[in-house]
Structures are given as structure tokens and as C-alpha cells.
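Q: What follows is input.pdb, PDB, C-alpha atoms, pLDDT in the B column.
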ATOM      1  CA  MET A   1     -27.118  24.695   7.553  1.00 47.00           C
ATOM      2  CA  PRO A   2     -24.089  24.488   9.891  1.00 48.00           C
ATOM      3  CA  LYS A   3     -20.787  23.666   8.310  1.00 50.00           C
ATOM      4  CA  PRO A   4     -19.370  20.288   9.447  1.00 49.00           C
ATOM      5  CA  VAL A   5     -16.370  20.480  11.719  1.00 48.00           C
ATOM      6  CA  GLU A   6     -13.288  19.363   9.872  1.00 52.00           C
ATOM      7  CA  ARG A   7     -10.740  17.315  11.724  1.00 46.00           C
ATOM      8  CA  THR A   8      -7.227  18.694  11.729  1.00 51.00           C
ATOM      9  CA  GLU A   9      -3.984  17.191  12.973  1.00 56.00           C
ATOM     10  CA  ASP A  10      -4.555  19.067  16.261  1.00 57.00           C
ATOM     11  CA  THR A  11      -8.041  17.588  16.702  1.00 49.00           C
ATOM     12  CA  PRO A  12      -7.901  14.151  18.314  1.00 54.00           C
ATOM     13  CA  PRO A  13     -10.334  11.575  16.946  1.00 53.00           C
ATOM     14  CA  SER A  14     -13.308  10.688  19.093  1.00 56.00           C
ATOM     15  CA  PRO A  15     -12.535   7.555  21.099  1.00 71.00           C
ATOM     16  CA  GLN A  16     -14.361   4.501  19.828  1.00 84.00           C
ATOM     17  CA  LEU A  17     -15.634   1.901  22.252  1.00 80.00           C
ATOM     18  CA  SER A  18     -15.086  -1.690  21.213  1.00 84.00           C
ATOM     19  CA  SER A  19     -18.097  -3.982  21.150  1.00 85.00           C
ATOM     20  CA  ILE A  20     -16.753  -5.629  24.312  1.00 88.00           C
ATOM     21  CA  GLU A  21     -16.449  -2.252  26.077  1.00 86.00           C
ATOM     22  CA  LYS A  22     -19.988  -1.343  25.003  1.00 86.00           C
ATOM     23  CA  SER A  23     -21.288  -4.691  26.274  1.00 87.00           C
ATOM     24  CA  LEU A  24     -19.544  -4.260  29.623  1.00 89.00           C
ATOM     25  CA  PHE A  25     -20.800  -0.707  29.962  1.00 88.00           C
ATOM     26  CA  GLU A  26     -24.337  -1.792  29.041  1.00 92.00           C
ATOM     27  CA  ALA A  27     -24.134  -4.531  31.704  1.00 93.00           C
ATOM     28  CA  GLU A  28     -23.261  -1.866  34.290  1.00 94.00           C
ATOM     29  CA  VAL A  29     -26.244   0.207  33.146  1.00 95.00           C
ATOM     30  CA  VAL A  30     -28.515  -2.852  33.442  1.00 96.00           C
ATOM     31  CA  GLU A  31     -27.311  -3.453  37.011  1.00 96.00           C
ATOM     32  CA  GLN A  32     -28.175   0.153  37.877  1.00 96.00           C
ATOM     33  CA  ILE A  33     -31.633  -0.223  36.295  1.00 97.00           C
ATOM     34  CA  ARG A  34     -32.202  -3.394  38.319  1.00 96.00           C
ATOM     35  CA  THR A  35     -32.221  -1.237  41.469  1.00 96.00           C
ATOM     36  CA  VAL A  36     -35.488   0.418  40.339  1.00 96.00           C
ATOM     37  CA  TYR A  37     -38.584  -1.508  41.394  1.00 93.00           C
ATOM     38  CA  ASP A  38     -42.159  -1.231  40.254  1.00 87.00           C
ATOM     39  CA  PRO A  39     -43.964  -0.063  43.421  1.00 83.00           C
ATOM     40  CA  GLU A  40     -46.952  -2.347  42.822  1.00 81.00           C
ATOM     41  CA  ILE A  41     -45.046  -5.495  41.874  1.00 82.00           C
ATOM     42  CA  PRO A  42     -41.966  -6.564  43.870  1.00 84.00           C
ATOM     43  CA  VAL A  43     -39.841  -6.863  40.728  1.00 90.00           C
ATOM     44  CA  ASN A  44     -37.254  -4.536  39.231  1.00 94.00           C
ATOM     45  CA  VAL A  45     -38.234  -2.795  35.992  1.00 94.00           C
ATOM     46  CA  TYR A  46     -35.580  -4.607  33.936  1.00 95.00           C
ATOM     47  CA  ASP A  47     -36.682  -8.145  34.851  1.00 93.00           C
ATOM     48  CA  LEU A  48     -40.300  -7.040  34.606  1.00 93.00           C
ATOM     49  CA  GLY A  49     -39.626  -6.389  30.914  1.00 94.00           C
ATOM     50  CA  LEU A  50     -40.221  -2.641  30.928  1.00 95.00           C
ATOM     51  CA  ILE A  51     -36.851  -1.836  29.336  1.00 96.00           C
ATOM     52  CA  TYR A  52     -37.126  -2.350  25.582  1.00 96.00           C
ATOM     53  CA  ASP A  53     -33.710  -1.130  24.457  1.00 96.00           C
ATOM     54  CA  ILE A  54     -30.449   0.336  25.755  1.00 96.00           C
ATOM     55  CA  GLN A  55     -28.163   2.112  23.287  1.00 94.00           C
ATOM     56  CA  VAL A  56     -24.618   3.067  24.352  1.00 92.00           C
ATOM     57  CA  ALA A  57     -22.787   5.590  22.156  1.00 92.00           C
ATOM     58  CA  ASP A  58     -19.008   5.771  21.813  1.00 89.00           C
ATOM     59  CA  ASN A  59     -18.954   8.801  24.134  1.00 91.00           C
ATOM     60  CA  LYS A  60     -20.863   6.714  26.723  1.00 91.00           C
ATOM     61  CA  ASP A  61     -24.120   8.592  26.237  1.00 94.00           C
ATOM     62  CA  VAL A  62     -26.989   6.208  26.926  1.00 95.00           C
ATOM     63  CA  HIS A  63     -30.463   6.160  25.406  1.00 97.00           C
ATOM     64  CA  ILE A  64     -33.069   3.916  27.023  1.00 97.00           C
ATOM     65  CA  MET A  65     -36.398   2.962  25.483  1.00 97.00           C
ATOM     66  CA  MET A  66     -38.890   1.810  28.083  1.00 95.00           C
ATOM     67  CA  THR A  67     -42.575   1.302  28.676  1.00 94.00           C
ATOM     68  CA  LEU A  68     -44.853   0.910  31.680  1.00 91.00           C
ATOM     69  CA  THR A  69     -47.326  -1.838  32.478  1.00 86.00           C
ATOM     70  CA  SER A  70     -50.153   0.475  31.380  1.00 83.00           C
ATOM     71  CA  PRO A  71     -50.658   4.088  30.256  1.00 81.00           C
ATOM     72  CA  ALA A  72     -52.699   4.595  33.433  1.00 81.00           C
ATOM     73  CA  CYS A  73     -49.776   3.441  35.614  1.00 79.00           C
ATOM     74  CA  PRO A  74     -49.748   5.596  38.763  1.00 77.00           C
ATOM     75  CA  VAL A  75     -45.957   6.055  38.556  1.00 78.00           C
ATOM     76  CA  ALA A  76     -45.926   7.107  34.892  1.00 76.00           C
ATOM     77  CA  GLY A  77     -44.650  10.527  35.918  1.00 81.00           C
ATOM     78  CA  SER A  78     -41.854   9.280  38.172  1.00 86.00           C
ATOM     79  CA  LEU A  79     -40.597   5.836  37.101  1.00 92.00           C
ATOM     80  CA  PRO A  80     -38.791   6.958  33.904  1.00 93.00           C
ATOM     81  CA  GLY A  81     -37.090   9.694  35.946  1.00 94.00           C
ATOM     82  CA  GLU A  82     -35.962   7.134  38.507  1.00 95.00           C
ATOM     83  CA  VAL A  83     -34.439   5.009  35.742  1.00 96.00           C
ATOM     84  CA  GLU A  84     -32.656   8.058  34.331  1.00 96.00           C
ATOM     85  CA  SER A  85     -31.370   9.035  37.776  1.00 96.00           C
ATOM     86  CA  VAL A  86     -29.861   5.650  38.630  1.00 96.00           C
ATOM     87  CA  VAL A  87     -28.286   5.277  35.197  1.00 96.00           C
ATOM     88  CA  ARG A  88     -26.681   8.716  35.606  1.00 95.00           C
ATOM     89  CA  ALA A  89     -24.955   7.279  38.699  1.00 93.00           C
ATOM     90  CA  THR A  90     -23.109   4.722  36.548  1.00 89.00           C
ATOM     91  CA  PRO A  91     -19.387   5.584  36.675  1.00 89.00           C
ATOM     92  CA  GLY A  92     -18.150   7.155  33.432  1.00 88.00           C
ATOM     93  CA  ILE A  93     -21.636   7.813  32.061  1.00 91.00           C
ATOM     94  CA  GLY A  94     -22.218  10.550  29.498  1.00 92.00           C
ATOM     95  CA  ASN A  95     -25.661  12.008  28.916  1.00 95.00           C
ATOM     96  CA  VAL A  96     -28.705   9.874  29.672  1.00 96.00           C
ATOM     97  CA  SER A  97     -32.049  10.002  27.912  1.00 96.00           C
ATOM     98  CA  VAL A  98     -35.089   7.869  28.652  1.00 96.00           C
ATOM     99  CA  GLU A  99     -37.837   7.572  26.075  1.00 95.00           C
ATOM    100  CA  LEU A 100     -41.243   6.265  27.111  1.00 93.00           C
ATOM    101  CA  THR A 101     -43.115   4.274  24.463  1.00 93.00           C
ATOM    102  CA  TRP A 102     -46.375   2.361  24.282  1.00 91.00           C
ATOM    103  CA  ASP A 103     -45.516   0.492  21.086  1.00 92.00           C
ATOM    104  CA  PRO A 104     -45.372  -2.400  21.394  1.00 91.00           C
ATOM    105  CA  PRO A 105     -47.625  -2.546  24.432  1.00 89.00           C
ATOM    106  CA  PHE A 106     -46.323  -4.311  27.519  1.00 89.00           C
ATOM    107  CA  THR A 107     -47.276  -7.975  27.939  1.00 88.00           C
ATOM    108  CA  VAL A 108     -46.185 -10.578  30.465  1.00 88.00           C
ATOM    109  CA  ASP A 109     -44.261 -12.277  27.647  1.00 88.00           C
ATOM    110  CA  ARG A 110     -41.576  -9.584  28.131  1.00 90.00           C
ATOM    111  CA  MET A 111     -40.897 -10.733  31.719  1.00 87.00           C
ATOM    112  CA  SER A 112     -37.909 -12.916  32.502  1.00 86.00           C
ATOM    113  CA  GLU A 113     -38.672 -16.581  33.174  1.00 89.00           C
ATOM    114  CA  GLU A 114     -37.571 -16.123  36.804  1.00 88.00           C
ATOM    115  CA  THR A 115     -40.010 -13.228  37.231  1.00 87.00           C
ATOM    116  CA  LYS A 116     -42.898 -15.192  35.738  1.00 87.00           C
ATOM    117  CA  LEU A 117     -42.114 -18.076  38.083  1.00 87.00           C
ATOM    118  CA  MET A 118     -41.861 -15.762  41.106  1.00 85.00           C
ATOM    119  CA  LEU A 119     -45.217 -14.138  40.284  1.00 85.00           C
ATOM    120  CA  GLY A 120     -46.903 -17.507  39.709  1.00 86.00           C
ATOM    121  CA  LEU A 121     -47.422 -16.938  36.000  1.00 84.00           C
ATOM    122  CA  MET A 122     -45.855 -20.276  34.979  1.00 75.00           C
TER     123      MET A 122
END
Written as C-alpha cells, that's how I'd like the structure from this file.
A:
Amino acid sequence: MPKPVERTEDTPPSPQLSSIEKSLFEAEVVEQIRTVYDPEIPVNVYDLGLIYDIQVADNKDVHIMMTLTSPACPVAGSLPGEVESVVRATPGIGNVSVELTWDPPFTVDRMSEETKLMLGLM
């Protein structure tokens, strides 16, 4: 088992992001994600409800949990990569990881109200 690194007086502490800084950074990430559209539905993947969670670490690494409308989605191999790519373009970003999940399954209830209205689901 590796020995933990001990902090000395010469080792600066890791910078901590305040909750406000994390929220602002997450908002920037969301705006980047909103540039990725589902090719079959004219809606971005964020408003479509495909993004389940965005975690921002103090070092500005970002982990995204997302799903697709179905496991048989024709862009299953490319859409998560597109999300990762645009998030990487966020200024000041650290590492980016995108995790694809099927639990819970996607339902239209995850869509924003505006998206449901636009697609005639309300």
C-alpha cells in the first residue's frame, strides 16, 4: 500500500474552491454541454435530461454522469465523447470523465418544461 504524502511547510495546500466558485464553474460546464445536440431530436442533451450529474472537484476536474434515450441509440458510441470534448474546452478545466449509465432509465420526465413544450409533450 502506498504511503500517504505528508504535507510539509514547503508543500502548498491544494486550493479549495468555494461553493460559489464550484457553482459558477459548473454553470460554465453546463453551457458547454448545451452546445451538444441529440441528432434525432433538435434539443441539446442537457435540456433533454440526459445529464444526470456533474461533479466539480477542487482541482476543477469534472465527472459527468449521463445516459442516452435508449441503449440502442445510434449515437451511443459518439455522444458521450462529444460531451467530454466540449467540456474539455471550458477554460480552466482539469481532467474530464464521462460515465454512461442506464440506471435510472431515461424518461421524458427528465426533460425541462421548455423542452416538453417545444416537443409537444405538454
Q: Apply the PyMOL selection byres ((chain A and resi 57) around 9) to the displayed file and report the matching residues as a short mmCIF file (atom, residue, chain, number, x, y, z; two decimals) with C-alpha atoms, in the frame of the given file.
A:
data_model
loop_
_atom_site.label_atom_id
_atom_site.label_comp_id
_atom_site.auth_asym_id
_atom_site.auth_seq_id
_atom_site.Cartn_x
_atom_site.Cartn_y
_atom_site.Cartn_z
CA GLN A 16 -14.36 4.50 19.83
CA LEU A 17 -15.63 1.90 22.25
CA LYS A 22 -19.99 -1.34 25.00
CA GLN A 55 -28.16 2.11 23.29
CA VAL A 56 -24.62 3.07 24.35
CA ASP A 58 -19.01 5.77 21.81
CA ASN A 59 -18.95 8.80 24.13
CA LYS A 60 -20.86 6.71 26.72
CA ASP A 61 -24.12 8.59 26.24
CA VAL A 62 -26.99 6.21 26.93
CA HIS A 63 -30.46 6.16 25.41
CA GLY A 94 -22.22 10.55 29.50
#
Q: I'd like to know which of A:Ser70, A:Tyr37, A:Leu121, A:Ser18 is closest to Phe106 of chain A, using all atoms listed in the file.
A: A:Ser70
Q: Mind listing whatever residues come within 6 Å of the point (-35.4, -5.1, 39.3)? Use only C-alpha atoms, file coordinates, and give them as a ChimeraX atom specification.
A: /A:34-37,43-47
Q: Name the residues that the PyMOL selection byres ((chain A and resi 80) around 8) picks from the file above, as a PyMOL selection string, using the file's chain letters and numbers.
A: chain A and resi 66+76-79+81-84+98-100
Q: For Val108 of chain A, work out the shell of residues within 9 Å, counting only C-alpha atoms and skipping chain neighbours fewer than 6 positions away, then give it as a VMD selection string.
A: chain A and resid 48 to 49 116 121
Q: Restricting the calculation to only C-alpha atoms, which member of A:Pro71, A:Ile41, A:Val96, A:Thr90 is positioned closest to Met118 of chain A?
A: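 Closest to Met118 of chain A of all the choices is A:Ile41.
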Q: Kindly provide, as AutoDock Vina command-line options, the centre and edge lengths (Å, one decimal) of an axis-aligned box around all atoms of segment 30-37 of chain A given in the file, with 5 Å on each side.
A:
--center_x -32.9 --center_y -1.5 --center_z 37.5 --size_x 21.3 --size_y 13.9 --size_z 18.0
Q: Anything within 9 Å of (-44.4, 1.4, 27.1): list those residues as a PyMOL selection string, counting all atoms listed in the file and sticking to the file's coordinates.
A: chain A and resi 50-52+65-71+100-106
Q: If you measure from atom CA of Ala89 of chain A to atom CA of Ile64 of chain A, what distance in Å do you get, rounded to one decimal?
A: 14.6 Å
Q: Grab the atom CA of Glu40 of chain A to atom CA of Ala72 of chain A distance for me, in Å with one decimal place.
A: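 Between these atoms lies a distance of 13.0 Å.
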Q: Suppose you want the space between atom CA of Ile54 of chain A and atom CA of Glu26 of chain A; what is it in Å?
A: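 Atom CA of Glu26 of chain A lies at a distance of 7.3 Å from atom CA of Ile54 of chain A.
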Q: Measuring atom to atom with all atoms listed in the file, identify which of A:Leu24, A:Val86, A:Met122, A:Val30 is nearest to Asp53 of chain A.
A: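 Of all the options, A:Val30 lies closest to Asp53 of chain A.
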